[in-house]
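Okay, run.txt now, which holds compact mmCIF, C-alpha atoms:
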# COMPACT_ATOMS: atom_id res chain seq x y z
CA MET A 21 93.69 101.74 108.76
CA GLY A 22 90.94 102.37 111.26
CA GLY A 23 91.58 99.84 114.03
CA HIS A 24 89.15 100.37 116.90
CA VAL A 25 88.88 104.04 116.00
CA THR A 26 86.66 104.88 113.04
CA GLY A 27 85.60 108.45 113.83
CA ALA A 28 87.40 111.67 113.03
CA ALA A 29 90.73 112.27 114.75
CA GLY A 30 89.48 115.69 115.83
CA ALA A 31 87.04 118.44 114.97
CA LEU A 32 86.54 118.85 111.24
CA ALA A 33 87.70 122.00 109.48
CA ASP A 34 84.67 124.17 108.76
CA GLU A 35 86.30 125.63 105.67
CA LEU A 36 89.55 125.60 103.74
CA PRO A 37 91.64 128.57 102.62
CA GLY A 38 90.62 129.85 99.22
CA TRP A 39 94.00 128.79 97.82
CA VAL A 40 93.37 125.10 98.63
CA THR A 41 91.46 122.72 96.33
CA LEU A 42 90.75 119.05 97.10
CA LEU A 43 90.46 116.52 94.28
CA ARG A 44 89.68 113.06 95.68
CA ALA A 45 90.77 110.03 93.68
CA PRO A 46 88.17 107.32 92.92
CA ASN A 47 89.95 104.61 94.94
CA PRO A 48 87.87 104.19 98.11
CA GLY A 49 88.54 101.22 100.36
CA PRO A 50 89.22 100.12 103.93
CA MET A 51 92.82 101.41 103.74
CA THR A 52 92.15 104.52 101.64
CA LEU A 53 88.86 105.60 103.28
CA ASP A 54 86.98 107.78 100.75
CA GLY A 55 89.95 107.74 98.38
CA THR A 56 93.34 109.42 98.15
CA ASN A 57 93.25 113.19 98.65
CA THR A 58 95.11 115.13 95.97
CA TRP A 59 95.61 118.72 97.10
CA VAL A 60 96.09 121.60 94.67
CA LEU A 61 97.54 124.78 96.19
CA ARG A 62 97.64 128.08 94.31
CA ALA A 63 98.36 131.46 95.86
CA PRO A 64 95.82 134.13 94.84
CA GLY A 65 96.81 135.54 91.47
CA ALA A 66 99.70 133.10 91.00
CA GLU A 67 100.23 131.50 87.62
CA HIS A 68 101.58 128.19 88.92
CA ALA A 69 100.03 125.81 91.42
CA VAL A 70 101.58 123.09 93.57
CA VAL A 71 100.10 119.59 93.66
CA VAL A 72 100.51 117.31 96.69
CA ASP A 73 100.06 113.53 96.19
CA PRO A 74 98.87 112.75 92.64
CA GLY A 75 97.19 109.53 93.78
CA PRO A 76 96.67 106.38 91.71
CA ALA A 77 97.16 106.01 87.97
CA ASP A 78 93.55 106.85 87.18
CA GLU A 79 93.41 108.74 83.91
CA ALA A 80 90.25 110.72 84.68
CA HIS A 81 91.54 111.78 88.09
CA LEU A 82 94.92 112.82 86.70
CA ALA A 83 93.25 114.77 83.88
CA ALA A 84 91.14 116.59 86.49
CA VAL A 85 94.30 117.49 88.41
CA ALA A 86 96.11 118.60 85.25
CA ALA A 87 93.16 120.88 84.42
CA HIS A 88 94.29 123.01 87.38
CA GLY A 89 97.64 123.68 85.67
CA PRO A 90 100.04 125.16 85.06
CA VAL A 91 101.80 123.48 87.98
CA GLY A 92 105.27 124.44 89.18
CA PHE A 93 106.00 121.14 90.89
CA VAL A 94 104.40 118.08 92.45
CA LEU A 95 105.12 117.01 96.05
CA ILE A 96 104.87 113.51 97.51
CA THR A 97 104.19 112.83 101.21
CA HIS A 98 105.37 109.19 101.07
CA GLY A 99 105.93 106.43 98.58
CA HIS A 100 102.85 104.21 98.91
CA PRO A 101 101.29 103.54 95.47
CA ASP A 102 97.92 105.10 96.31
CA HIS A 103 99.80 108.42 96.58
CA THR A 104 102.51 108.05 93.93
CA GLU A 105 101.37 105.70 91.18
CA GLY A 106 99.93 108.52 89.07
CA ALA A 107 102.95 110.82 89.45
CA PRO A 108 104.79 109.94 86.22
CA ARG A 109 101.66 110.33 84.11
CA LEU A 110 100.66 113.57 85.85
CA SER A 111 104.13 115.00 85.23
CA GLU A 112 103.70 114.10 81.57
CA LEU A 113 100.27 115.75 81.40
CA LEU A 114 101.77 118.87 82.98
CA GLY A 115 104.54 119.14 80.41
CA GLY A 116 107.26 117.62 82.55
CA ALA A 117 106.54 119.30 85.91
CA PRO A 118 109.09 117.99 88.44
CA VAL A 119 107.98 115.55 91.12
CA ARG A 120 109.77 115.88 94.46
CA ALA A 121 109.75 113.27 97.23
CA ALA A 122 112.01 112.32 100.12
CA ASP A 123 112.75 109.01 98.38
CA PRO A 124 114.74 109.47 95.15
CA ALA A 125 112.81 106.53 93.69
CA HIS A 126 109.71 108.74 93.55
CA THR A 127 111.50 111.91 92.40
CA LEU A 128 111.28 112.98 88.75
CA GLY A 129 113.05 115.91 87.14
CA GLY A 130 114.09 117.56 90.40
CA ALA A 131 116.03 117.07 93.61
CA PRO A 132 114.78 114.81 96.43
CA LEU A 133 113.41 116.49 99.55
CA THR A 134 116.31 116.13 101.96
CA GLU A 135 116.49 119.19 104.21
CA PRO A 136 114.18 119.06 107.26
CA GLY A 137 112.87 122.54 107.93
CA GLY A 138 113.86 123.62 104.44
CA HIS A 139 111.59 126.01 102.57
CA LEU A 140 110.27 125.67 99.03
CA ASP A 141 109.04 128.60 96.97
CA GLY A 142 105.52 127.69 95.94
CA ALA A 143 104.86 130.75 93.75
CA GLY A 144 103.57 132.89 96.59
CA LEU A 145 103.20 130.05 99.09
CA ASP A 146 105.87 129.35 101.68
CA ILE A 147 106.23 125.57 101.96
CA GLN A 148 108.28 124.14 104.81
CA LEU A 149 109.35 120.49 104.80
CA LEU A 150 108.61 118.59 108.02
CA ARG A 151 110.41 115.27 108.36
CA THR A 152 107.86 112.88 109.87
CA PRO A 153 108.98 109.24 109.50
CA GLY A 154 107.05 106.45 111.16
CA HIS A 155 104.14 105.46 108.94
CA THR A 156 106.92 104.86 106.41
CA ALA A 157 110.59 105.74 106.55
CA ASP A 158 110.16 108.38 103.84
CA SER A 159 107.05 110.10 105.24
CA VAL A 160 107.08 113.90 105.24
CA CYS A 161 104.52 116.61 105.94
CA PHE A 162 104.34 120.14 104.56
CA LEU A 163 103.59 123.31 106.49
CA VAL A 164 102.20 125.75 103.94
CA GLU A 165 101.68 129.45 104.66
CA HIS A 166 100.11 132.30 102.77
CA GLY A 167 99.47 135.58 104.56
CA ASP A 168 98.02 134.73 107.96
CA GLU A 169 96.69 131.32 106.89
CA ARG A 170 98.60 128.09 107.50
CA VAL A 171 97.85 124.42 106.84
CA VAL A 172 99.77 121.19 107.43
CA LEU A 173 99.52 118.52 104.74
CA THR A 174 99.92 115.33 106.74
CA GLY A 175 99.82 112.51 104.17
CA ASP A 176 99.12 109.29 106.05
CA THR A 177 100.88 110.41 109.23
CA ILE A 178 97.52 111.81 110.37
CA LEU A 179 94.30 110.79 108.64
CA GLY A 180 91.03 112.66 108.71
CA ARG A 181 89.23 109.62 110.06
CA GLY A 182 90.43 106.59 112.01
CA THR A 183 94.09 105.88 112.68
CA THR A 184 96.95 104.91 110.40
CA VAL A 185 99.19 101.86 110.36
CA VAL A 186 102.89 101.81 111.12
CA ALA A 187 103.98 99.91 108.03
CA HIS A 188 106.62 97.64 109.62
CA PRO A 189 109.43 97.00 108.81
CA ASP A 190 109.70 100.20 106.74
CA GLY A 191 107.70 102.11 109.33
CA HIS A 192 108.98 102.49 112.89
CA LEU A 193 106.88 103.19 115.98
CA GLY A 194 109.52 105.19 117.85
CA ASP A 195 109.93 107.45 114.84
CA TYR A 196 106.16 107.74 114.51
CA LEU A 197 105.68 108.83 118.12
CA THR A 198 108.40 111.46 117.65
CA SER A 199 106.70 112.69 114.48
CA LEU A 200 103.35 112.97 116.25
CA GLU A 201 105.02 114.97 119.03
CA LEU A 202 106.35 117.35 116.37
CA LEU A 203 102.91 117.71 114.79
CA SER A 204 101.38 118.33 118.22
CA THR A 205 103.18 121.70 118.24
CA TYR A 206 101.08 123.06 115.34
CA ARG A 207 98.21 124.29 117.49
CA GLY A 208 95.15 125.71 115.75
CA ILE A 209 96.48 124.94 112.26
CA ARG A 210 94.28 122.95 109.91
CA ALA A 211 95.47 119.48 108.91
CA LEU A 212 94.94 118.37 105.31
CA PRO A 213 95.32 114.56 105.39
CA GLY A 214 96.04 112.02 102.69
CA HIS A 215 92.66 110.39 103.29
CA GLY A 216 89.45 111.55 104.94
CA PRO A 217 88.20 115.02 105.81
CA ALA A 218 90.31 118.05 106.70
CA LEU A 219 90.72 118.64 110.44
CA ALA A 220 90.50 121.92 112.31
CA ASP A 221 93.57 121.46 114.54
CA CYS A 222 96.70 119.50 113.63
CA ALA A 223 97.94 119.52 117.24
CA ALA A 224 94.69 118.15 118.63
CA ALA A 225 94.70 115.33 116.07
CA ALA A 226 98.34 114.49 116.85
CA GLU A 227 97.56 114.38 120.59
CA PHE A 228 94.60 112.08 119.89
CA TYR A 229 96.88 109.78 117.91
CA LEU A 230 99.53 109.80 120.64
CA ALA A 231 96.96 108.81 123.25
CA HIS A 232 95.68 106.06 120.97
CA ARG A 233 99.18 104.70 120.34
CA ARG A 234 100.02 104.66 124.04
CA ALA A 235 96.78 102.85 124.83
CA ARG A 236 97.59 100.33 122.08
CA LEU A 237 101.04 99.74 123.60
CA ASP A 238 99.40 99.00 126.95
CA GLN A 239 97.10 96.48 125.23
CA VAL A 240 100.04 94.81 123.49
CA ARG A 241 101.98 94.62 126.77
CA ALA A 242 98.96 92.99 128.39
CA ALA A 243 98.58 90.51 125.52
CA VAL A 244 102.26 89.52 125.79
CA ALA A 245 101.96 89.17 129.58
CA ALA A 246 98.93 86.92 129.04
CA GLY A 247 100.98 84.57 126.86
CA ALA A 248 100.79 85.88 123.30
CA THR A 249 104.18 85.20 121.70
CA THR A 250 103.69 86.09 118.02
CA ALA A 251 102.29 89.09 116.17
CA PRO A 252 99.26 87.11 114.87
CA GLU A 253 98.45 86.04 118.45
CA VAL A 254 98.63 89.64 119.63
CA VAL A 255 96.41 90.77 116.75
CA ALA A 256 93.82 88.14 117.65
CA ARG A 257 93.67 89.49 121.21
CA VAL A 258 94.00 93.24 120.65
CA TYR A 259 92.10 93.58 117.37
CA ALA A 260 89.43 90.96 118.06
CA ASP A 261 86.60 93.36 117.18
CA VAL A 262 88.20 94.50 113.90
CA ASP A 263 87.13 92.91 110.62
CA ARG A 264 89.49 89.99 109.99
CA SER A 265 90.04 91.19 106.43
CA LEU A 266 92.11 94.01 107.98
CA TRP A 267 94.18 91.88 110.35
CA TRP A 268 97.05 91.75 107.88
CA ALA A 269 97.39 95.53 108.20
CA ALA A 270 96.99 95.41 111.98
CA GLU A 271 99.86 92.93 112.03
CA TRP A 272 102.15 95.61 110.54
CA SER A 273 101.45 97.88 113.50
CA VAL A 274 101.70 95.04 116.03
CA ARG A 275 105.11 94.02 114.71
CA ALA A 276 106.20 97.65 115.05
CA GLN A 277 104.83 97.73 118.61
CA LEU A 278 106.57 94.51 119.59
CA GLU A 279 109.84 95.82 118.16
CA TYR A 280 109.39 99.06 120.11
CA LEU A 281 108.79 97.08 123.31
CA GLY A 282 111.84 94.93 122.70
CA VAL A 283 109.85 91.70 122.35
CA GLU A 284 111.67 89.19 120.17
CA GLN A 285 109.61 87.95 117.26
CA PRO A 286 109.97 84.71 115.33
Go ahead and express the file in the form of structure tokens.
Amino acid sequence: MGGHVTGAAGALADELPGWVTLLRAPNPGPMTLDGTNTWVLRAPGAEHAVVVDPGPADEAHLAAVAAHGPVGFVLITHGHPDHTEGAPRLSELLGGAPVRAADPAHTLGGAPLTEPGGHLDGAGLDIQLLRTPGHTADSVCFLVEHGDERVVLTGDTILGRGTTVVAHPDGHLGDYLTSLELLSTYRGIRALPGHGPALADCAAAAEFYLAHRRARLDQVRAAVAAGATTAPEVVARVYADVDRSLWWAAEWSVRAQLEYLGVEQP
């Protein structure tokens, strides 16, 4: 969700590694930007690819992804439907390829992703699991390396454009700030987000997000000091210039901010 910020979270990546392919799902909207990014990763010369975030249950999109098979396994960054809804059908199209997510509810035919810092063998790609809760409790990112090229697949933890929501109560602002601090250590590594364009520097985008979140917290503190007592009242003050059709999403983040600040909510 864009909030006050609608531009890119950092400089755009001028190119992607040759082993990265983007297939964008046809589900554009205010929360999904241009649509969900499905990433297909295949090491040069490797038989099997890895798919990250199948996207919605759109048959044409899933067929386009399956056309890049064979696929060794499918990875999920978090459980929101715009990333996971198509996973069962894609697995079927790929002959039963396992789907692996942090949440067992979104895992099919394989083990859940449970070991932070653990490595997956992506048929010539080294894939490291980064535990990054905050947007949702089950959010993860993936650091993927081949040769001297590295990328971080950030799901909705960092978007290519605008800022993301902390999906309270599942999401947690303290966890999110910690996750952004972790991602701020990946200097000069391209970020491949769940929505929007690829970014040139994961660390720079994470630092931008941290600054934005801290500024938001200051605005929420000021709104509470000025007499706002409920999340809708804070939204009306802090997000006054945001389209009202998005206030419901802003309220998620405000509730997370109020919880973080220790403000009791009705």
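Distance-wise, atom CA of Trp272 of chain A and atom CA of Leu203 of chain A end up 22.5 Å apart.
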Need to verify the contact set: segment 192-196 of chain A, 6 Å, all atoms listed in the file, exclusion of same-chain residues closer than 6 positions in sequence. Can you return it as a PDB file with C-alpha atoms, keeping the file's coordinate frame?
ATOM      1  CA  PRO A 153     108.980 109.240 109.500  1.00  0.00           C
ATOM      2  CA  GLY A 154     107.050 106.450 111.160  1.00  0.00           C
ATOM      3  CA  ALA A 276     106.200  97.650 115.050  1.00  0.00           C
TER       4      ALA A 276
END
Legend entry - Coordinates-based distance that separates atom CA of Gly138 of chain A from atom CA of Ala69 of chain A (Å, one decimal):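 Interatomic distance, atom CA of Ala69 of chain A to atom CA of Gly138 of chain A: 19.1 Å.
Minimum distance to Leu202 of chain A across A:Arg257, A:His166, A:Arg151, A:Arg264 (counting all atoms listed in the file) occurs at A:Arg151.
Of the listed residues A:Glu35, A:Val119, A:His232, A:Pro90, the one whose atoms come nearest to Pro74 of chain A is A:Val119, with distances taken using all atoms listed in the file.
Ranking A:Pro286, A:Gly129, A:Leu212, A:Val186 by their shortest atom-to-atom distance to Thr41 of chain A, with all atoms listed in the file included, puts A:Leu212 first.
We find atom CA of Ala211 of chain A and atom CA of Glu169 of chain A to be spaced 12.1 Å apart.
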Inset, instruction - Could you check which of A:Pro189, A:Gly182, A:Gly106, A:Gly115 is closest to Phe228 of chain A, using only C-alpha atoms? - result: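 That would be A:Gly182, the residue with the smallest distance to Phe228 of chain A.
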Inset, instruction - Determine, counting all atoms listed in the file, which protein, DNA and RNA residues have an atom within 10 Å of an atom of Arg233 of chain A; residues of the same chain fewer than 5 positions away are not included. Present the result as a ChimeraX atom specification. - result: /A:183,193,196-197,227-228,238-239,273,277
Inset, instruction - May I ask which of the residues A:Arg210, A:Gly282, A:Thr184, A:Ala243 is the closest one to Glu165 of chain A, counting only C-alpha atoms? - result: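 The closest residue to Glu165 of chain A is A:Arg210.
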Inset, instruction - Select, from A:Gly130, A:Pro213, A:Asp34, A:Pro46, the residue with the minimum atom-to-atom distance to Val72 of chain A, counting only C-alpha atoms. - result: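 That would be A:Pro213, the residue with the smallest distance to Val72 of chain A.
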Please return as a compact mmCIF listing (two decimals) with C-alpha atoms, keeping the file's coordinate frame every residue within 12 Å of (102.5, 119.0, 90.0), taking into account all atoms listed in the file and the file's own coordinates.
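Final output, saved to result.txt:
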# COMPACT_ATOMS: atom_id res chain seq x y z
CA THR A 58 95.11 115.13 95.97
CA TRP A 59 95.61 118.72 97.10
CA VAL A 60 96.09 121.60 94.67
CA LEU A 61 97.54 124.78 96.19
CA ARG A 62 97.64 128.08 94.31
CA HIS A 68 101.58 128.19 88.92
CA ALA A 69 100.03 125.81 91.42
CA VAL A 70 101.58 123.09 93.57
CA VAL A 71 100.10 119.59 93.66
CA VAL A 72 100.51 117.31 96.69
CA ASP A 73 100.06 113.53 96.19
CA PRO A 74 98.87 112.75 92.64
CA GLY A 75 97.19 109.53 93.78
CA LEU A 82 94.92 112.82 86.70
CA ALA A 83 93.25 114.77 83.88
CA VAL A 85 94.30 117.49 88.41
CA ALA A 86 96.11 118.60 85.25
CA ALA A 87 93.16 120.88 84.42
CA HIS A 88 94.29 123.01 87.38
CA GLY A 89 97.64 123.68 85.67
CA PRO A 90 100.04 125.16 85.06
CA VAL A 91 101.80 123.48 87.98
CA GLY A 92 105.27 124.44 89.18
CA PHE A 93 106.00 121.14 90.89
CA VAL A 94 104.40 118.08 92.45
CA LEU A 95 105.12 117.01 96.05
CA ILE A 96 104.87 113.51 97.51
CA THR A 104 102.51 108.05 93.93
CA GLY A 106 99.93 108.52 89.07
CA ALA A 107 102.95 110.82 89.45
CA PRO A 108 104.79 109.94 86.22
CA ARG A 109 101.66 110.33 84.11
CA LEU A 110 100.66 113.57 85.85
CA SER A 111 104.13 115.00 85.23
CA GLU A 112 103.70 114.10 81.57
CA LEU A 113 100.27 115.75 81.40
CA LEU A 114 101.77 118.87 82.98
CA GLY A 115 104.54 119.14 80.41
CA GLY A 116 107.26 117.62 82.55
CA ALA A 117 106.54 119.30 85.91
CA PRO A 118 109.09 117.99 88.44
CA VAL A 119 107.98 115.55 91.12
CA ARG A 120 109.77 115.88 94.46
CA ALA A 121 109.75 113.27 97.23
CA THR A 127 111.50 111.91 92.40
CA LEU A 128 111.28 112.98 88.75
CA GLY A 129 113.05 115.91 87.14
CA GLY A 130 114.09 117.56 90.40
CA GLY A 142 105.52 127.69 95.94
Show me the residues around (104.7, 117.2, 117.7) - criterion: an atom at most 10 Å away, all atoms listed in the file counted - as an mmCIF file with C-alpha atoms, in the frame of the given file.
data_model
loop_
_atom_site.group_PDB
_atom_site.id
_atom_site.type_symbol
_atom_site.label_atom_id
_atom_site.label_comp_id
_atom_site.auth_asym_id
_atom_site.auth_seq_id
_atom_site.Cartn_x
_atom_site.Cartn_y
_atom_site.Cartn_z
ATOM 1 C CA THR A 152 107.860 112.880 109.870
ATOM 2 C CA LEU A 197 105.680 108.830 118.120
ATOM 3 C CA THR A 198 108.400 111.460 117.650
ATOM 4 C CA SER A 199 106.700 112.690 114.480
ATOM 5 C CA LEU A 200 103.350 112.970 116.250
ATOM 6 C CA GLU A 201 105.020 114.970 119.030
ATOM 7 C CA LEU A 202 106.350 117.350 116.370
ATOM 8 C CA LEU A 203 102.910 117.710 114.790
ATOM 9 C CA SER A 204 101.380 118.330 118.220
ATOM 10 C CA THR A 205 103.180 121.700 118.240
ATOM 11 C CA TYR A 206 101.080 123.060 115.340
ATOM 12 C CA ARG A 207 98.210 124.290 117.490
ATOM 13 C CA CYS A 222 96.700 119.500 113.630
ATOM 14 C CA ALA A 223 97.940 119.520 117.240
ATOM 15 C CA ALA A 226 98.340 114.490 116.850
ATOM 16 C CA GLU A 227 97.560 114.380 120.590
ATOM 17 C CA LEU A 230 99.530 109.800 120.640
#
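Close contacts of Ala33 of chain A, defined as residues with an atom at most 6 Å away when counting only C-alpha atoms, with chain neighbours fewer than 4 positions off set aside, comprise Ala218, Leu219 and Ala220 of chain A.
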Legend entry - Residues within 6 Å of Leu149 of chain A, only C-alpha atoms, excluding chain neighbours under 3 positions, as a list in words: Pro136, Gly137, Gly138 and Phe162 of chain A
What would segment 230-241 of chain A look like with all heavy atoms in place, written as an mmCIF file, in the coordinates of the input?
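Listed below is the output, selection.cif:
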data_model
loop_
_atom_site.group_PDB
_atom_site.id
_atom_site.type_symbol
_atom_site.label_atom_id
_atom_site.label_comp_id
_atom_site.auth_asym_id
_atom_site.auth_seq_id
_atom_site.Cartn_x
_atom_site.Cartn_y
_atom_site.Cartn_z
ATOM 1 N N LEU A 230 98.568 110.204 119.625
ATOM 2 C CA LEU A 230 99.530 109.800 120.640
ATOM 3 C C LEU A 230 98.848 109.025 121.759
ATOM 4 O O LEU A 230 99.347 107.984 122.213
ATOM 5 C CB LEU A 230 100.239 111.035 121.214
ATOM 6 C CG LEU A 230 101.356 111.625 120.363
ATOM 7 C CD1 LEU A 230 101.722 113.027 120.856
ATOM 8 C CD2 LEU A 230 102.590 110.718 120.384
ATOM 9 N N ALA A 231 97.698 109.518 122.197
ATOM 10 C CA ALA A 231 96.960 108.810 123.250
ATOM 11 C C ALA A 231 96.530 107.433 122.776
ATOM 12 O O ALA A 231 96.613 106.444 123.521
ATOM 13 C CB ALA A 231 95.745 109.641 123.673
ATOM 14 N N HIS A 232 96.091 107.351 121.531
ATOM 15 C CA HIS A 232 95.680 106.060 120.970
ATOM 16 C C HIS A 232 96.848 105.095 120.907
ATOM 17 O O HIS A 232 96.728 103.917 121.281
ATOM 18 C CB HIS A 232 95.091 106.279 119.572
ATOM 19 C CG HIS A 232 94.829 105.012 118.820
ATOM 20 N ND1 HIS A 232 93.775 104.182 119.113
ATOM 21 C CD2 HIS A 232 95.505 104.425 117.790
ATOM 22 C CE1 HIS A 232 93.809 103.132 118.295
ATOM 23 N NE2 HIS A 232 94.845 103.267 117.495
ATOM 24 N N ARG A 233 98.000 105.575 120.458
ATOM 25 C CA ARG A 233 99.180 104.700 120.340
ATOM 26 C C ARG A 233 99.626 104.205 121.714
ATOM 27 O O ARG A 233 100.029 103.042 121.861
ATOM 28 C CB ARG A 233 100.317 105.448 119.642
ATOM 29 C CG ARG A 233 100.115 105.614 118.159
ATOM 30 C CD ARG A 233 100.164 104.283 117.437
ATOM 31 N NE ARG A 233 99.639 104.389 116.088
ATOM 32 C CZ ARG A 233 99.335 103.354 115.326
ATOM 33 N NH1 ARG A 233 99.494 102.134 115.778
ATOM 34 N NH2 ARG A 233 98.856 103.531 114.116
ATOM 35 N N ARG A 234 99.597 105.081 122.706
ATOM 36 C CA ARG A 234 100.020 104.660 124.040
ATOM 37 C C ARG A 234 99.052 103.645 124.629
ATOM 38 O O ARG A 234 99.474 102.689 125.296
ATOM 39 C CB ARG A 234 100.149 105.898 124.934
ATOM 40 C CG ARG A 234 101.376 106.745 124.544
ATOM 41 C CD ARG A 234 101.345 108.129 125.118
ATOM 42 N NE ARG A 234 102.532 108.896 124.704
ATOM 43 C CZ ARG A 234 102.576 110.220 124.621
ATOM 44 N NH1 ARG A 234 101.489 110.944 124.919
ATOM 45 N NH2 ARG A 234 103.693 110.824 124.227
ATOM 46 N N ALA A 235 97.764 103.836 124.378
ATOM 47 C CA ALA A 235 96.780 102.850 124.830
ATOM 48 C C ALA A 235 96.997 101.510 124.129
ATOM 49 O O ALA A 235 96.898 100.441 124.748
ATOM 50 C CB ALA A 235 95.365 103.369 124.572
ATOM 51 N N ARG A 236 97.315 101.548 122.833
ATOM 52 C CA ARG A 236 97.590 100.330 122.080
ATOM 53 C C ARG A 236 98.808 99.603 122.672
ATOM 54 O O ARG A 236 98.818 98.380 122.801
ATOM 55 C CB ARG A 236 97.887 100.670 120.628
ATOM 56 C CG ARG A 236 96.669 100.701 119.747
ATOM 57 C CD ARG A 236 96.283 99.276 119.347
ATOM 58 N NE ARG A 236 95.211 99.340 118.393
ATOM 59 C CZ ARG A 236 93.926 99.178 118.694
ATOM 60 N NH1 ARG A 236 93.562 98.931 119.941
ATOM 61 N NH2 ARG A 236 93.005 99.233 117.757
ATOM 62 N N LEU A 237 99.849 100.365 123.012
ATOM 63 C CA LEU A 237 101.040 99.740 123.600
ATOM 64 C C LEU A 237 100.694 99.039 124.910
ATOM 65 O O LEU A 237 101.194 97.945 125.187
ATOM 66 C CB LEU A 237 102.122 100.800 123.830
ATOM 67 C CG LEU A 237 102.938 101.195 122.602
ATOM 68 C CD1 LEU A 237 103.785 102.426 122.902
ATOM 69 C CD2 LEU A 237 103.828 100.042 122.129
ATOM 70 N N ASP A 238 99.830 99.652 125.699
ATOM 71 C CA ASP A 238 99.400 99.000 126.950
ATOM 72 C C ASP A 238 98.665 97.696 126.645
ATOM 73 O O ASP A 238 98.854 96.687 127.341
ATOM 74 C CB ASP A 238 98.499 99.939 127.745
ATOM 75 C CG ASP A 238 99.262 101.089 128.387
ATOM 76 O OD1 ASP A 238 100.501 100.981 128.508
ATOM 77 O OD2 ASP A 238 98.617 102.085 128.768
ATOM 78 N N GLN A 239 97.833 97.697 125.601
ATOM 79 C CA GLN A 239 97.100 96.480 125.230
ATOM 80 C C GLN A 239 98.053 95.396 124.744
ATOM 81 O O GLN A 239 97.872 94.214 125.053
ATOM 82 C CB GLN A 239 96.068 96.806 124.146
ATOM 83 C CG GLN A 239 94.919 97.676 124.632
ATOM 84 C CD GLN A 239 94.005 98.091 123.481
ATOM 85 O OE1 GLN A 239 94.466 98.375 122.373
ATOM 86 N NE2 GLN A 239 92.712 98.127 123.743
ATOM 87 N N VAL A 240 99.065 95.793 123.990
ATOM 88 C CA VAL A 240 100.040 94.810 123.490
ATOM 89 C C VAL A 240 100.856 94.244 124.654
ATOM 90 O O VAL A 240 101.100 93.034 124.726
ATOM 91 C CB VAL A 240 100.943 95.449 122.426
ATOM 92 C CG1 VAL A 240 102.097 94.519 122.053
ATOM 93 C CG2 VAL A 240 100.125 95.796 121.179
ATOM 94 N N ARG A 241 101.261 95.107 125.579
ATOM 95 C CA ARG A 241 101.980 94.620 126.770
ATOM 96 C C ARG A 241 101.144 93.592 127.511
ATOM 97 O O ARG A 241 101.642 92.541 127.937
ATOM 98 C CB ARG A 241 102.299 95.790 127.706
ATOM 99 C CG ARG A 241 103.417 96.698 127.255
ATOM 100 C CD ARG A 241 103.786 97.670 128.363
ATOM 101 N NE ARG A 241 104.700 98.709 127.897
ATOM 102 C CZ ARG A 241 104.324 99.924 127.535
ATOM 103 N NH1 ARG A 241 103.041 100.266 127.567
ATOM 104 N NH2 ARG A 241 105.223 100.805 127.119
#
